[in-house]
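I have placed the structure first, in the form of structure tokens, so that the comments after it can refer back to it.
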Amino acid sequence: MTRKLRCHAIVLGVTVALTLAGCGGSGDSANTAANSGGLEKTNITVGALPIPDPVSLYIANAKGFFKEEGLTVTPKTITGGAAAIPAIENGSLDISQTNYVSTFLAVSQGKKIKLVADMYQAAPNTFNIMVPKDSPIKTVADLKGKTVLVNNLKNIAQLAVTSQLKVAGLAETDVKFVEKPFPEMGNTIQSGQADAGWITEPFITANQSKFGFRKLVDTMTGQTADLPIAGWMATEEWASKYPKTLAAFQRAISKAQQLASSDRKEIEAMLPKYTQIDAKTASVITLGAYPSELNANRLQKVADLMLEYGYLKNPIDVKSVIAAPAAG
Amino acid sequence: MIRARLLRGAIGAAGFLVLGELVIRFGIGDKLDFPAPSAILYEAVRLLADPEFLAGVGTTLTNWVLGLLLATVIAVPVGVLLGALTPLERAIRPVLEFMRPIPSVAIIPLAILLIPVDELMKISVIVYASVWPILINTLYGMHDVDPLAKESLRSFGFGPLAVLARVSLPSAAPFVATGIRIAAGIALVLAVSAELLAGGFNGIGVFVAVAGSGNRTDLMMAATFWAGVIGVLANVLLMAGERRLFHWHRMRTGAAES
């Protein structure tokens with residue numbers, strides 16, 4: 001709230017400066033710790049999508065894990081990984097959700113980003129290619145020449161579908177990828193504008209029950225089995241400027257991840273509070289895994305796949321992108 | 001007269017809703033999953049008891065009002081200045097005409113990159129979009145001032161500032177008001193669009209984005225419905241204000257009852 005008031009004061013002040021004013025860093029001095037175990041910064045804003053992946057952020061807040069570390073975390077709804085990178089760069093977010101493909105693409109373009117914690121990993125039937133119930137498409141090979149919907153082009157969706165095409169003897173260019181947000185995929189496919197879609201929860205369940213869509217293939221099998229999907233990121237500068245704050249965040253998130261992976265009920269209880277997924281839907285959707293440590297070997301698989309399918313020109317050593325938790 | 005008009009309006013709206021309901025329930029069948037008007041209205045009423053949504057409305061309206069005020073504070077003086085100093089206007093006009101047609105929504109991604117403080121970013125894009133209609137209308141208003149009235153005052157020995165204050169400003173005021181009313185609609189579009197694109201702590205647009213990710217088309221539509229209601233109310237209020245303040249203007253120009 002004070003942040004808002006302060007901002008409004010600023011707004012009224014800069015009547016003439018108009019849009020290009022840019023109002024430099026958002027008052028870090030107010031956050032410099034006088035207490036709480038010497039954290040460099042005690043109030044942080046963390047960007048997260050309104051989907052099941054970042055549930056630990058909300059669990060850690062609700063269970064007081066952040067408070068125990070002396071951290072006050074304000075979650076902020078973001079709209080996608082692409083907008084999150086400028087947000088951590090310009091300081092409007094301290095830490096943000098990201099998907100690993102986006103992160104590695106950004107790193108290959110020279111962005112100074114560090115992964116600071118793991119968030120979400122694929123499990124069976126969490127990312128499926130779905131088709132209408134009466135579709136003539138029976139196998140992945142039948143997708144040749146068809147239109148497949150993905151939520152983002154040249155990202156995790158297209159990579160996952162391509163890996164399945166390869167198994168069926170097809171290449172990326174054998175299908176036509178079209179970008180559509182998840183909520184619109186059902187209607188687009190049902191009305192015949194596309195033949196199949198790469199769909200995740202809660203839309204897998206919704207399209208099954210509303211339209212009777214069937215699963216063509218689980219895209220997280222074979223090469224992509226247990227593929228790491230999403231994590232938490234900060235800028236390299238932020239990570240080196242606030243190492244204790246980062247370590248506190250990492251400890252609290254890791255604790256919440258352990259809780260989430262040991263008790264699904266915790267996730268189901270939390271989903272209706274920060275998403276519009278109601279308790280009933282939360283209890284039936286298929287969820288991925290919530291790893292409690294950031295493992296370079298597992299993440300390397302994502303970078304290697306990206307290299308194999310031409311998403312990256314040069315190999316990335318994932319270890320160099322990770323800001324590992326400080327010892328102790 | 002007014003009652004008959006209201007009645008017709010109500011019949012039109014009701015007919016539209018009934019038609020929508022019938023088409024969605026029976027016409028489209030299983031080809032499309034879209035909530036019927038009755039389902040949307042039901043959720044819209046329930047939203048009034050949702051503290052998160054209400055907080056969002058508060059945030060969006062705050063940004064909207066601040067943006068609109070700021071735009072007025074910037075655009076009116078600039079418009080008056082340019083309108084009073086024709087050579088200056090000639091010099092600046094090309095720049096204005098170039099910047100004005102840039103779709104304001106297109107500058108949101110740029111604003112996200114450049115302006116780190118969320119509220120400031122949102123208010124800035126609202127200001128950018130709302131400045132144009134107010135500025136252009138103020139300019140028109142300044143051009144429309146009766147030259148005879150100005151000349152008369154001058155010949156009585158009034159200085160340029162007095163002419164400005166006594167003739168030009170009152171005469172341009174109705175145009176300014178119209179500009180603000182047009183800008184109010186645009187500002188609301190930008191307030192919600194910025195939230196849809198950038199996210200945020202809360203807001204109508206943030207609520208719509210979250211509802212979309214949770215596969216709640218009915219909630220998306222219900223929130224959008226309230227955004228529409230807010231836009232209509234703002235327009236009605238500003239129009240009523242214009243009528244009351246500038247009754248003489250409509251008398252003079254003989255503007256038809258709209």
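Chain identifiers are assigned as A, B, and so on, following the order in which chains appear in the structure tokens; residues are numbered from 1 within each chain, and ligands are numbered from 1 in order of appearance.
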
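Using only C-alpha atoms, one finds that the residues of chain B close to chain A, at 6 Å or less, are Lys31, Leu32, Leu113, Ile115, Pro116, Val117, Ser124, Gly199, Gly200, Phe201, Val210, Ala211, Gly214 and Asn215 of chain B.
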
Quiz prompt | Who sits within 12 Å of A:Glu237, only C-alpha atoms, same chain under 2 positions skipped, as a ChimeraX atom specification | solution = /A:88-91,94-95,111-114,233-235,239-243,246,323

Practice problem: Write down as a count of residues only the residues of stretch 138-184 of chain B whose backbone DSSP state falls under alpha helix (DSSP H). | Solution: 35

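Going from atom CA of B:Arg244 to atom CA of B:Thr138 covers 19.3 Å.
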
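Residues in contact with stretch 157-167 of chain A at 7 Å, where only C-alpha atoms are counted and same-chain residues fewer than 4 positions away are skipped, are listed as Val140, Val150, Asn151, Asn152, Leu153, Ala171, Glu172, Trp198, Thr219 and Thr224 of chain A.
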
Quick one: write out the picked residues with N, CA and C atoms as a tab-separated table (two decimals), in the first residue's frame?
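What landed in out-v8.tsv:
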```
chain	number	residue	atom	x	y	z
A	140	VAL	N	0.31	-40.30	-33.80
A	140	VAL	CA	1.08	-39.07	-34.01
A	140	VAL	C	1.43	-38.92	-35.49
A	150	VAL	N	-0.40	-24.47	-30.24
A	150	VAL	CA	0.52	-24.40	-29.10
A	150	VAL	C	0.31	-23.05	-28.42
A	151	ASN	N	0.62	-22.96	-27.13
A	151	ASN	CA	0.36	-21.69	-26.43
A	151	ASN	C	1.39	-20.64	-26.82
A	152	ASN	N	2.61	-21.07	-27.16
A	152	ASN	CA	3.62	-20.14	-27.67
A	152	ASN	C	4.41	-20.85	-28.76
A	153	LEU	N	4.66	-20.14	-29.85
A	153	LEU	CA	5.50	-20.72	-30.89
A	153	LEU	C	6.95	-20.73	-30.42
A	171	ALA	N	9.03	-34.58	-38.96
A	171	ALA	CA	9.86	-33.45	-38.54
A	171	ALA	C	8.96	-32.29	-38.15
A	172	GLU	N	9.58	-31.29	-37.55
A	172	GLU	CA	8.83	-30.11	-37.09
A	172	GLU	C	8.03	-29.48	-38.23
A	198	TRP	N	-1.81	-28.77	-28.13
A	198	TRP	CA	-0.94	-29.18	-27.01
A	198	TRP	C	-1.51	-28.51	-25.77
A	219	THR	N	2.95	-35.82	-24.32
A	219	THR	CA	4.20	-35.33	-24.92
A	219	THR	C	5.39	-35.43	-23.96
A	224	THR	N	11.42	-36.68	-23.40
A	224	THR	CA	10.95	-35.58	-22.57
A	224	THR	C	10.35	-36.05	-21.26
```

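The coordinates place atom CA of B:Leu135 at 22.0 Å from atom CA of B:Ala162.
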
Quiz item: Residues of stretch 159-283 of chain A in strand (DSSP E or B) according to DSSP, as a VMD selection string?
Solution: chain A and resid 176 to 179 196 to 200 214 to 218 228 to 235

Quiz item: Within 6 Å of stretch 166-181 of chain B, counting only C-alpha atoms, which residues qualify if same-chain residues fewer than 3 places away don't, as JSON, numbers by chain?
Solution: {"B": [133, 134, 137, 138, 141, 142, 145, 162, 163, 184]}
